[in-house]
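For reference, the structure is listed below as structure tokens.
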Number of protein chains: 2
Amino acid sequence: MNYGENTAHMSAIRKRLNKSNYTSDDFSPEKGDPNLVRGFQGRPVGGIRNNVQPLQFYPSSNFVNYTDKDVDYLLKKLQSINKEIYNFEKLRKMSYKQLIENYSDSIKKGKYLSAYRTYEGAYMTNWEKFHKGIHQTALYDPKDQSINGLLRDMTNEPIIDVEMKEGGTQLKLIITFSDEGQALFKPMRHSRDYETLPDHFYFTDYERHNAEIAAFHLDKVLGFYRVPPTAGRKVNMTYDIKRLADRKLAKTFFKSPANNVCFHGACSYYCDTSHAICGNPDMLEGSFATFLPPEKIAARKTWRNPWKRSYSKHRKAYWEAYDDLCEKVKQRAPYNKGRRLLDLIDMHIFDFFQGNMDRHHYETIKDFGNNTFHLHLDNGRGFGKSIHDEMSILAPIYQCCQIRYSTFLKLAKLYVGPEKLSSETRSSLSIDSISPILTEPHLYALDRRVIKVLKEIYTCIEDGKPIDEVIIDR
Amino acid sequence: MNYGENTAHMSAIRKRLNKSNYTSDDFSPEKGDPNLVRGFQGRPVGGIRNNVQPLQFYPSSNFVNYTDKDVDYLLKKLQSINKEIYNFEKLRKMSYKQLIENYSDSIKKGKYLSAYRTYEGAYMTNWEKFHKGIHQTALYDPKDQSINGLLRDMTNEPIIDVEMKEGGTQLKLIITFSDEGQALFKPMRHSRDYETLPDHFYFTDYERHNAEIAAFHLDKVLGFYRVPPTAGRKVNMTYDIKRLADRKLAKTFFKSPANNVCFHGACSYYCDTSHAICGNPDMLEGSFATFLPPEKIAARKTWRNPWKRSYSKHRKAYWEAYDDLCEKVKQRAPYNKGRRLLDLIDMHIFDFFQGNMDRHHYETIKDFGNNTFHLHLDNGRGFGKSIHDEMSILAPIYQCCQIRYSTFLKLAKLYVGPEKLSSETRSSLSIDSISPILTEPHLYALDRRVIKVLKEIYTCIEDGKPIDEVIIDR
């Protein structure tokens, strides 16, 4: 809404906004359906409230209508309540990079892994530097040059050992590089433009190597730093894998009818001839995710996600049927104090952007106690459907009606632009050796999803929740 | 070659042709690679033999170059040797329908199933008439009106019982209709334009319901009458299947994320959630192949196909490595006398047209002894790759260098036109309730494959095999 055109009307609204206990009825345009981004479907016209222009600082695009009147309304409202902390004109003039930097300065305040505190080598490899740099508030410091070095190493270092990872449902390989760094390898299964079949469940989907790479970059772009450095690489299946494989793995190699080298390994899902992984003719793309330090140095704690899905085709999870899970979660440790509920919500926003429904558990590093970030491991089930936005992933947002202030500000910035989540992610992904990592429809989906998260915040506030209990600045 | 332009040259050639023991070197243009249809790739020019026009009676098409100089040469040669039995000008003027009818008159000469010889009901259903009509030389008489009636019945009759077929690798259902007729149901897995993945083996491929329907019509168009009547139909999965299913089958039903009804049944391959069969939202296409009479009335004998594949991703079959299998097969019963080797070759031509590599066994009806036709059952693995012609399916043709005269004449007719195998098959398929059954690329592939079979005959004769030992008229 362009309030500048209705100054009399605006002044009445401002008066009401100054009351902290405004009711949504006093102040809402017609109520938004959280499942619809009406901004995409054309803007209704007529009536006082609808007789408006898009705010001038929201640019248009050839691909997506980036403006949404509910979100426009929310931002204007916040700005008129508190221009100190919600100054979106100022936010627009600041670069996204600057905004992220402002927040990443604070991430270095936590402690480091105790085993590495006194560890100094005359010559440390990049993976050693990465391990040493893990600290309480983030997995790495984005300014640490060893992270880019690590991505390059995983792309270029000779592979000296290959092992099947035990226990997973789908085939994964543990790769050792010549500098003794290790990474988890997930092979390419489908071309980039393959979309998950509509009748497929999240738990039967193939994992996608490009989703793993994209998740690392997306997490970094969002200033979370909770995904281990992950790079794409083409390997020679015969030289880099079969030559180094043990008998159990090597005997699953064969030549396909198209004369490509294939293998299927051994695992509980999809490890048979009809689900083999095939090269072209022997070159295969995969994702390489840096290993975290071993358990004895950085033991991890596994947490069940309260918003875990049922992993059954017949049952729904509690939170899918009832809206009151958050009240219970809020009472319970570790979500009853500190950062953990907000981290959980960050994680769901991150997963919503990727379309990843497979976050059944997550981990933290034990050494850091409860006041630490969530590791965002295992992102291979994201980026399956570019045209679908799985709103249920946002359940913790719309059921708790909470978001971290810094996360909100990042999303608001990506809404007001000029940078977009798509352009930032595209640019970050472009350094990978097997780029493009995501198709354009997946990138544009990110921008659409930014708006959908903000609309949930709009709905929470329009429902009457106090702003400072929704957007939380700790 | 247009010999009319080189009369002096022609007369020299005719003289040589009149010798029965001509050698191929005397008479061959450059040798054709049986894996290449050079006619598709442009016609080389220059030199006496290449300075020719396509024969005028071979029409052109927007899609495929239907002429091939090796085949043109073969037909001209045969005609010049024996214009009585190889008169292609006359053949072109005769309709394909007439040609097929000429041959189908002879199929009724065999005996019928003994159990039905005295069976006369006051009112017989179409499937009873079909069973009664099975005779020694063909599964049905194409003029029998009950065949079209049976196709209509399977499309329209209420379904009264459903049972899973035991023992198969992929899910099949035994359907009983209200008139007590029974059919084997195979569900739709992929849309018509889905092509088999290049790295997939013939033995891991999904079966295709439309391939089953297409096989019935193709077999009929070719005047073989060796495939049981097969029709497509849309069923309501809830009403027509789940309602009638036993507990074991019913409990595999579920709703997909896209809210479609799905089920997977129980079988040794692909019977799990990630390979479920899903409707839209509960309507599902499938093929219905009429059951043959029960074992006690028409016991069947199963024969191992001598040109069976290895069904292993590591091994090749003998005939894939060596070219002398046919010499051994010809010595052995039942292929050492009568029609059986020619029937086997017919079957491989039929399978080559479909691209079906899955003919590990075939059956005959015991009652008819060894001098009877091959049943062409289980054709679900055909029509997977429209752009690929699997030449190895023709191994019995190029290793035995034999073809039945009537089959050769049908293919020659489909080559000289004006009817094409594509147009005849398209027209036959159009009566099915779920038509179109095949995409156009699959139909055009049939015309391309007709040429490829004829080129194999060309190669046999150019290699010096006596014509009457290659094209066999019994």
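Each chain in the structure tokens gets a letter, A, B and so on, in the order shown; residues start at 1 in every chain, and ligands are counted from 1 in the order they appear.
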- Give as a PyMOL selection string every residue of chain B that touches chain A within 6 Å, counting only C-alpha atoms. chain B and resi 198-199+204+256-258+274
Can those selected residues be exported to a file as a PDB file, in the first residue's frame so that it contains all heavy atoms?
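Everything below was put into part-v8.pdb:
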ATOM      1  N   PRO B 198      18.369 -45.282 -21.210  1.00  0.00           N
ATOM      2  CA  PRO B 198      19.405 -45.985 -21.981  1.00  0.00           C
ATOM      3  C   PRO B 198      20.224 -46.956 -21.135  1.00  0.00           C
ATOM      4  O   PRO B 198      20.714 -47.960 -21.654  1.00  0.00           O
ATOM      5  CB  PRO B 198      20.302 -44.856 -22.501  1.00  0.00           C
ATOM      6  CG  PRO B 198      19.584 -43.585 -22.258  1.00  0.00           C
ATOM      7  CD  PRO B 198      18.513 -43.822 -21.246  1.00  0.00           C
ATOM      8  N   ASP B 199      20.376 -46.675 -19.836  1.00  0.00           N
ATOM      9  CA  ASP B 199      21.180 -47.556 -18.998  1.00  0.00           C
ATOM     10  C   ASP B 199      20.390 -48.727 -18.414  1.00  0.00           C
ATOM     11  O   ASP B 199      20.942 -49.533 -17.669  1.00  0.00           O
ATOM     12  CB  ASP B 199      21.832 -46.744 -17.857  1.00  0.00           C
ATOM     13  CG  ASP B 199      22.951 -45.846 -18.355  1.00  0.00           C
ATOM     14  OD1 ASP B 199      23.659 -46.261 -19.291  1.00  0.00           O
ATOM     15  OD2 ASP B 199      23.116 -44.729 -17.830  1.00  0.00           O
ATOM     16  N   THR B 204      15.056 -55.303 -16.416  1.00  0.00           N
ATOM     17  CA  THR B 204      14.661 -54.492 -15.259  1.00  0.00           C
ATOM     18  C   THR B 204      13.576 -53.481 -15.627  1.00  0.00           C
ATOM     19  O   THR B 204      13.050 -52.799 -14.767  1.00  0.00           O
ATOM     20  CB  THR B 204      15.855 -53.711 -14.670  1.00  0.00           C
ATOM     21  OG1 THR B 204      16.413 -52.872 -15.669  1.00  0.00           O
ATOM     22  CG2 THR B 204      16.912 -54.646 -14.144  1.00  0.00           C
ATOM     23  N   SER B 256      -1.508 -40.911  -2.254  1.00  0.00           N
ATOM     24  CA  SER B 256      -0.199 -40.307  -2.511  1.00  0.00           C
ATOM     25  C   SER B 256      -0.194 -38.845  -2.060  1.00  0.00           C
ATOM     26  O   SER B 256      -1.243 -38.270  -1.778  1.00  0.00           O
ATOM     27  CB  SER B 256       0.108 -40.359  -4.004  1.00  0.00           C
ATOM     28  OG  SER B 256      -0.486 -39.254  -4.657  1.00  0.00           O
ATOM     29  N   PRO B 257       0.995 -38.228  -1.985  1.00  0.00           N
ATOM     30  CA  PRO B 257       1.074 -36.807  -1.636  1.00  0.00           C
ATOM     31  C   PRO B 257       0.240 -35.929  -2.571  1.00  0.00           C
ATOM     32  O   PRO B 257      -0.251 -34.892  -2.181  1.00  0.00           O
ATOM     33  CB  PRO B 257       2.561 -36.493  -1.779  1.00  0.00           C
ATOM     34  CG  PRO B 257       3.267 -37.789  -1.614  1.00  0.00           C
ATOM     35  CD  PRO B 257       2.334 -38.822  -2.174  1.00  0.00           C
ATOM     36  N   ALA B 258       0.075 -36.375  -3.823  1.00  0.00           N
ATOM     37  CA  ALA B 258      -0.739 -35.592  -4.759  1.00  0.00           C
ATOM     38  C   ALA B 258      -2.212 -35.976  -4.659  1.00  0.00           C
ATOM     39  O   ALA B 258      -3.014 -35.603  -5.510  1.00  0.00           O
ATOM     40  CB  ALA B 258      -0.224 -35.808  -6.184  1.00  0.00           C
ATOM     41  N   SER B 274       7.723 -47.035  -3.216  1.00  0.00           N
ATOM     42  CA  SER B 274       8.393 -46.148  -4.173  1.00  0.00           C
ATOM     43  C   SER B 274       8.136 -46.571  -5.616  1.00  0.00           C
ATOM     44  O   SER B 274       8.522 -45.866  -6.539  1.00  0.00           O
ATOM     45  CB  SER B 274       9.890 -46.081  -3.883  1.00  0.00           C
ATOM     46  OG  SER B 274      10.444 -47.367  -3.849  1.00  0.00           O
TER      47      SER B 274
END
- Message: Which residues are close to B:Phe350, i.e. within 10 Å by only C-alpha atoms, leaving aside same-chain residues fewer than 6 positions away? Reply as a list in words.
- Response: Ala215, Leu218, Asp219, Leu222, Phe224, Leu344, Asn356, His376, Ile393 and Leu394 of chain B
Residues as selected, C-alpha atoms, written as a short mmCIF file (atom, residue, chain, number, x, y, z; two decimals), in the first residue's frame, can you do that?
data_model
loop_
_atom_site.label_atom_id
_atom_site.label_comp_id
_atom_site.auth_asym_id
_atom_site.auth_seq_id
_atom_site.Cartn_x
_atom_site.Cartn_y
_atom_site.Cartn_z
CA ALA B 215 1.31 -56.24 -29.60
CA LEU B 218 0.58 -55.54 -34.55
CA ASP B 219 0.37 -59.34 -34.57
CA LEU B 222 0.95 -58.94 -39.65
CA PHE B 224 -0.06 -63.97 -37.46
CA LEU B 344 10.50 -68.81 -34.36
CA ASN B 356 10.97 -56.64 -27.22
CA HIS B 376 3.07 -64.66 -28.52
CA ILE B 393 16.59 -59.43 -31.84
CA LEU B 394 17.03 -60.39 -35.50
#
- Task: Identify all residues of stretch 78-178 of chain A in helix (DSSP H, G or I) (DSSP on the backbone) and supply them as a VMD selection string.
- Result: chain A and resid 78 to 81 88 to 93 96 to 109 114 to 116 126 to 133 145 to 156
The selected residues should be written to file as a tab-separated table (two decimals), in the first residue's frame (atoms: C-alpha atoms).
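Saved to out-v1.tsv:
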chain	number	residue	atom	x	y	z
A	78	LEU	CA	6.47	-2.42	11.36
A	79	GLN	CA	8.29	0.63	10.07
A	80	SER	CA	5.60	2.95	11.33
A	81	ILE	CA	5.70	1.31	14.76
A	88	PHE	CA	13.23	-0.74	5.34
A	89	GLU	CA	14.25	2.28	3.27
A	90	LYS	CA	17.59	2.15	5.04
A	91	LEU	CA	17.66	-1.61	4.68
A	92	ARG	CA	17.18	-1.31	0.96
A	93	LYS	CA	20.12	1.04	0.64
A	96	TYR	CA	22.76	-7.66	1.49
A	97	LYS	CA	26.42	-8.53	1.94
A	98	GLN	CA	26.78	-5.74	4.49
A	99	LEU	CA	23.70	-6.90	6.39
A	100	ILE	CA	25.00	-10.46	6.56
A	101	GLU	CA	28.41	-9.23	7.65
A	102	ASN	CA	26.87	-7.20	10.45
A	103	TYR	CA	25.38	-10.37	11.83
A	104	SER	CA	28.27	-12.70	11.13
A	105	ASP	CA	30.53	-10.56	13.30
A	106	SER	CA	28.59	-11.74	16.31
A	107	ILE	CA	28.91	-15.43	15.51
A	108	LYS	CA	32.52	-15.57	16.65
A	109	LYS	CA	31.67	-14.90	20.28
A	114	SER	CA	38.38	-27.88	23.31
A	115	ALA	CA	40.50	-30.52	21.53
A	116	TYR	CA	41.69	-27.94	19.00
A	126	ASN	CA	42.27	-26.63	4.92
A	127	TRP	CA	40.17	-29.37	6.46
A	128	GLU	CA	42.19	-29.14	9.66
A	129	LYS	CA	41.66	-25.38	9.70
A	130	PHE	CA	37.95	-25.94	9.15
A	131	HIS	CA	37.78	-28.38	12.06
A	132	LYS	CA	39.73	-26.04	14.28
A	133	GLY	CA	37.44	-23.14	13.30
A	145	GLN	CA	39.79	-18.44	3.69
A	146	SER	CA	40.21	-22.14	4.44
A	147	ILE	CA	36.55	-22.73	3.56
A	148	ASN	CA	37.02	-21.77	-0.08
A	149	GLY	CA	40.30	-23.65	0.01
A	150	LEU	CA	38.48	-26.73	1.25
A	151	LEU	CA	35.95	-26.49	-1.58
A	152	ARG	CA	38.84	-26.31	-4.05
A	153	ASP	CA	40.61	-29.22	-2.38
A	154	MET	CA	37.55	-31.44	-2.61
A	155	THR	CA	37.30	-30.56	-6.29
A	156	ASN	CA	40.95	-31.18	-7.15
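Across the structure, atom CA of A:Leu414 and atom CA of A:Glu469 are spaced 22.4 Å apart.
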Neighbour list for A:Tyr362 as an mmCIF file with all heavy atoms, in the first residue's frame, cut-off 9 Å, only C-alpha atoms, skip fewer than 3 positions in-chain:
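Printed below is out_15.cif as written:
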data_model
loop_
_atom_site.group_PDB
_atom_site.id
_atom_site.type_symbol
_atom_site.label_atom_id
_atom_site.label_comp_id
_atom_site.auth_asym_id
_atom_site.auth_seq_id
_atom_site.Cartn_x
_atom_site.Cartn_y
_atom_site.Cartn_z
ATOM 1 N N LYS A 301 25.274 -34.687 19.414
ATOM 2 C CA LYS A 301 24.044 -35.132 20.062
ATOM 3 C C LYS A 301 22.947 -35.082 19.003
ATOM 4 O O LYS A 301 22.829 -34.096 18.265
ATOM 5 C CB LYS A 301 23.734 -34.188 21.222
ATOM 6 C CG LYS A 301 22.648 -34.693 22.171
ATOM 7 C CD LYS A 301 22.576 -33.779 23.405
ATOM 8 C CE LYS A 301 21.254 -33.893 24.123
ATOM 9 N NZ LYS A 301 21.061 -35.187 24.804
ATOM 10 N N THR A 302 22.173 -36.141 18.916
ATOM 11 C CA THR A 302 21.092 -36.200 17.929
ATOM 12 C C THR A 302 19.772 -35.873 18.609
ATOM 13 O O THR A 302 19.456 -36.425 19.662
ATOM 14 C CB THR A 302 21.040 -37.603 17.296
ATOM 15 O OG1 THR A 302 22.289 -37.853 16.653
ATOM 16 C CG2 THR A 302 19.927 -37.705 16.278
ATOM 17 N N TRP A 303 19.044 -34.969 18.015
ATOM 18 C CA TRP A 303 17.758 -34.545 18.582
ATOM 19 C C TRP A 303 16.644 -34.930 17.620
ATOM 20 O O TRP A 303 16.753 -34.693 16.424
ATOM 21 C CB TRP A 303 17.727 -33.018 18.764
ATOM 22 C CG TRP A 303 18.832 -32.472 19.612
ATOM 23 C CD1 TRP A 303 20.107 -32.227 19.219
ATOM 24 C CD2 TRP A 303 18.751 -32.095 20.985
ATOM 25 N NE1 TRP A 303 20.840 -31.721 20.258
ATOM 26 C CE2 TRP A 303 20.019 -31.619 21.367
ATOM 27 C CE3 TRP A 303 17.724 -32.108 21.940
ATOM 28 C CZ2 TRP A 303 20.304 -31.158 22.654
ATOM 29 C CZ3 TRP A 303 18.003 -31.645 23.213
ATOM 30 C CH2 TRP A 303 19.292 -31.187 23.565
ATOM 31 N N ARG A 304 15.593 -35.437 18.164
ATOM 32 C CA ARG A 304 14.406 -35.690 17.352
ATOM 33 C C ARG A 304 13.740 -34.343 17.061
ATOM 34 O O ARG A 304 13.518 -33.549 17.964
ATOM 35 C CB ARG A 304 13.450 -36.598 18.136
ATOM 36 C CG ARG A 304 12.231 -37.031 17.374
ATOM 37 C CD ARG A 304 11.268 -37.768 18.301
ATOM 38 N NE ARG A 304 10.041 -38.095 17.614
ATOM 39 C CZ ARG A 304 9.051 -37.229 17.396
ATOM 40 N NH1 ARG A 304 9.144 -35.982 17.823
ATOM 41 N NH2 ARG A 304 7.954 -37.623 16.756
ATOM 42 N N ASN A 305 13.457 -34.085 15.818
ATOM 43 C CA ASN A 305 12.766 -32.845 15.462
ATOM 44 C C ASN A 305 11.316 -32.932 15.942
ATOM 45 O O ASN A 305 10.591 -33.862 15.553
ATOM 46 C CB ASN A 305 12.808 -32.675 13.933
ATOM 47 C CG ASN A 305 12.126 -31.410 13.461
ATOM 48 O OD1 ASN A 305 11.544 -30.655 14.256
ATOM 49 N ND2 ASN A 305 12.188 -31.162 12.157
ATOM 50 N N ARG A 359 13.581 -33.657 7.499
ATOM 51 C CA ARG A 359 14.385 -33.295 8.674
ATOM 52 C C ARG A 359 13.843 -34.012 9.904
ATOM 53 O O ARG A 359 13.246 -33.393 10.787
ATOM 54 C CB ARG A 359 14.344 -31.767 8.840
ATOM 55 C CG ARG A 359 15.351 -31.211 9.831
ATOM 56 C CD ARG A 359 16.766 -31.256 9.351
ATOM 57 N NE ARG A 359 16.955 -30.395 8.182
ATOM 58 C CZ ARG A 359 18.060 -30.391 7.457
ATOM 59 N NH1 ARG A 359 19.081 -31.170 7.759
ATOM 60 N NH2 ARG A 359 18.155 -29.611 6.386
ATOM 61 N N HIS A 374 22.177 -25.460 15.399
ATOM 62 C CA HIS A 374 21.795 -26.762 14.831
ATOM 63 C C HIS A 374 22.619 -27.047 13.589
ATOM 64 O O HIS A 374 22.671 -26.211 12.695
ATOM 65 C CB HIS A 374 20.330 -26.749 14.389
ATOM 66 C CG HIS A 374 19.360 -26.644 15.515
ATOM 67 N ND1 HIS A 374 18.003 -26.675 15.311
ATOM 68 C CD2 HIS A 374 19.544 -26.523 16.848
ATOM 69 C CE1 HIS A 374 17.389 -26.569 16.478
ATOM 70 N NE2 HIS A 374 18.298 -26.464 17.421
ATOM 71 N N LEU A 375 23.198 -28.225 13.534
ATOM 72 C CA LEU A 375 23.858 -28.651 12.291
ATOM 73 C C LEU A 375 22.788 -28.975 11.243
ATOM 74 O O LEU A 375 21.829 -29.698 11.539
ATOM 75 C CB LEU A 375 24.699 -29.899 12.556
ATOM 76 C CG LEU A 375 26.029 -29.664 13.265
ATOM 77 C CD1 LEU A 375 26.538 -30.971 13.877
ATOM 78 C CD2 LEU A 375 27.053 -29.100 12.295
ATOM 79 N N HIS A 376 22.970 -28.441 10.059
ATOM 80 C CA HIS A 376 22.024 -28.759 8.969
ATOM 81 C C HIS A 376 22.663 -29.798 8.042
ATOM 82 O O HIS A 376 23.098 -29.478 6.939
ATOM 83 C CB HIS A 376 21.684 -27.501 8.173
ATOM 84 C CG HIS A 376 20.967 -26.449 8.959
ATOM 85 N ND1 HIS A 376 20.791 -25.165 8.496
ATOM 86 C CD2 HIS A 376 20.367 -26.477 10.166
ATOM 87 C CE1 HIS A 376 20.120 -24.452 9.391
ATOM 88 N NE2 HIS A 376 19.854 -25.229 10.421
ATOM 89 N N LEU A 377 22.726 -31.030 8.516
ATOM 90 C CA LEU A 377 23.333 -32.099 7.719
ATOM 91 C C LEU A 377 22.273 -32.787 6.870
ATOM 92 O O LEU A 377 21.093 -32.722 7.179
ATOM 93 C CB LEU A 377 23.971 -33.142 8.644
ATOM 94 C CG LEU A 377 24.958 -32.624 9.691
ATOM 95 C CD1 LEU A 377 25.421 -33.766 10.586
ATOM 96 C CD2 LEU A 377 26.144 -31.948 9.013
#
- Query: Hey, what's within 6 Å of A:Ile472 if we count only C-alpha atoms and toss same-chain stuff fewer than 4 positions away? As a ChimeraX atom specification, please?
  - Reply: /A:404-405,468
Just-selected residues, N, CA, C and O atoms written as a PDB file, in the first residue's frame:
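Written output follows (result-v1.pdb):
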ATOM      1  N   ARG A 404      13.400 -15.290  14.480  1.00  0.00           N
ATOM      2  CA  ARG A 404      14.534 -14.499  14.984  1.00  0.00           C
ATOM      3  C   ARG A 404      14.572 -13.170  14.233  1.00  0.00           C
ATOM      4  O   ARG A 404      14.390 -13.156  12.994  1.00  0.00           O
ATOM      5  N   TYR A 405      14.811 -12.095  14.946  1.00  0.00           N
ATOM      6  CA  TYR A 405      14.830 -10.767  14.325  1.00  0.00           C
ATOM      7  C   TYR A 405      15.820 -10.704  13.163  1.00  0.00           C
ATOM      8  O   TYR A 405      15.497 -10.207  12.080  1.00  0.00           O
ATOM      9  N   ASP A 468       6.630  -7.909  19.241  1.00  0.00           N
ATOM     10  CA  ASP A 468       7.901  -8.295  19.858  1.00  0.00           C
ATOM     11  C   ASP A 468       7.887  -9.713  20.406  1.00  0.00           C
ATOM     12  O   ASP A 468       8.915 -10.232  20.836  1.00  0.00           O
TER      13      ASP A 468
END
- Message: Give me the residues near B:Arg449 as a list in words, where near means some atom within 10 Å (using only C-alpha atoms) and where sequence neighbours in that chain fewer than 4 positions away do not count.
- Response: Val37, Ile349, Phe352, Phe353, Gln354, Gly355, His388, Asp389, Glu390, Met391, Leu411, Leu421, Tyr444, Ala445, Val453, Leu454 and Lys455 of chain B
Put those residues in a file: N, CA and C atoms, as a compact mmCIF listing (two decimals), in the first residue's frame.
# COMPACT_ATOMS: atom_id res chain seq x y z
N VAL B 37 20.85 -48.36 -41.62
CA VAL B 37 19.98 -48.25 -42.79
C VAL B 37 20.50 -47.07 -43.56
N ILE B 349 10.88 -61.55 -35.69
CA ILE B 349 10.55 -60.36 -36.50
C ILE B 349 9.51 -59.52 -35.76
N PHE B 352 11.23 -57.88 -32.96
CA PHE B 352 12.08 -56.79 -33.44
C PHE B 352 11.24 -55.55 -33.72
N PHE B 353 10.07 -55.73 -34.31
CA PHE B 353 9.19 -54.58 -34.57
C PHE B 353 8.84 -53.87 -33.26
N GLN B 354 8.61 -54.64 -32.22
CA GLN B 354 8.25 -54.06 -30.92
C GLN B 354 9.46 -53.60 -30.11
N GLY B 355 10.64 -54.07 -30.48
CA GLY B 355 11.82 -53.83 -29.64
C GLY B 355 11.77 -54.64 -28.36
N HIS B 388 15.51 -46.42 -31.19
CA HIS B 388 16.53 -47.46 -31.25
C HIS B 388 15.97 -48.73 -31.88
N ASP B 389 16.71 -49.32 -32.79
CA ASP B 389 16.32 -50.61 -33.37
C ASP B 389 17.30 -51.66 -32.86
N GLU B 390 16.80 -52.56 -32.06
CA GLU B 390 17.68 -53.55 -31.43
C GLU B 390 17.94 -54.70 -32.39
N MET B 391 19.01 -54.55 -33.17
CA MET B 391 19.30 -55.49 -34.25
C MET B 391 19.51 -56.92 -33.74
N LEU B 411 6.14 -58.16 -45.70
CA LEU B 411 7.09 -57.07 -45.44
C LEU B 411 7.42 -56.33 -46.73
N LEU B 421 3.38 -50.29 -42.50
CA LEU B 421 3.11 -50.97 -41.24
C LEU B 421 2.61 -49.96 -40.20
N TYR B 444 6.30 -44.84 -36.51
CA TYR B 444 7.26 -44.69 -37.62
C TYR B 444 8.42 -45.65 -37.50
N ALA B 445 8.75 -45.99 -36.25
CA ALA B 445 9.83 -46.97 -36.05
C ALA B 445 9.49 -48.29 -36.74
N VAL B 453 14.59 -55.42 -41.55
CA VAL B 453 14.44 -56.87 -41.72
C VAL B 453 14.76 -57.24 -43.17
N LEU B 454 14.21 -56.47 -44.10
CA LEU B 454 14.44 -56.77 -45.52
C LEU B 454 15.93 -56.65 -45.87
N LYS B 455 16.61 -55.73 -45.21
CA LYS B 455 18.05 -55.59 -45.46
C LYS B 455 18.82 -56.83 -45.00
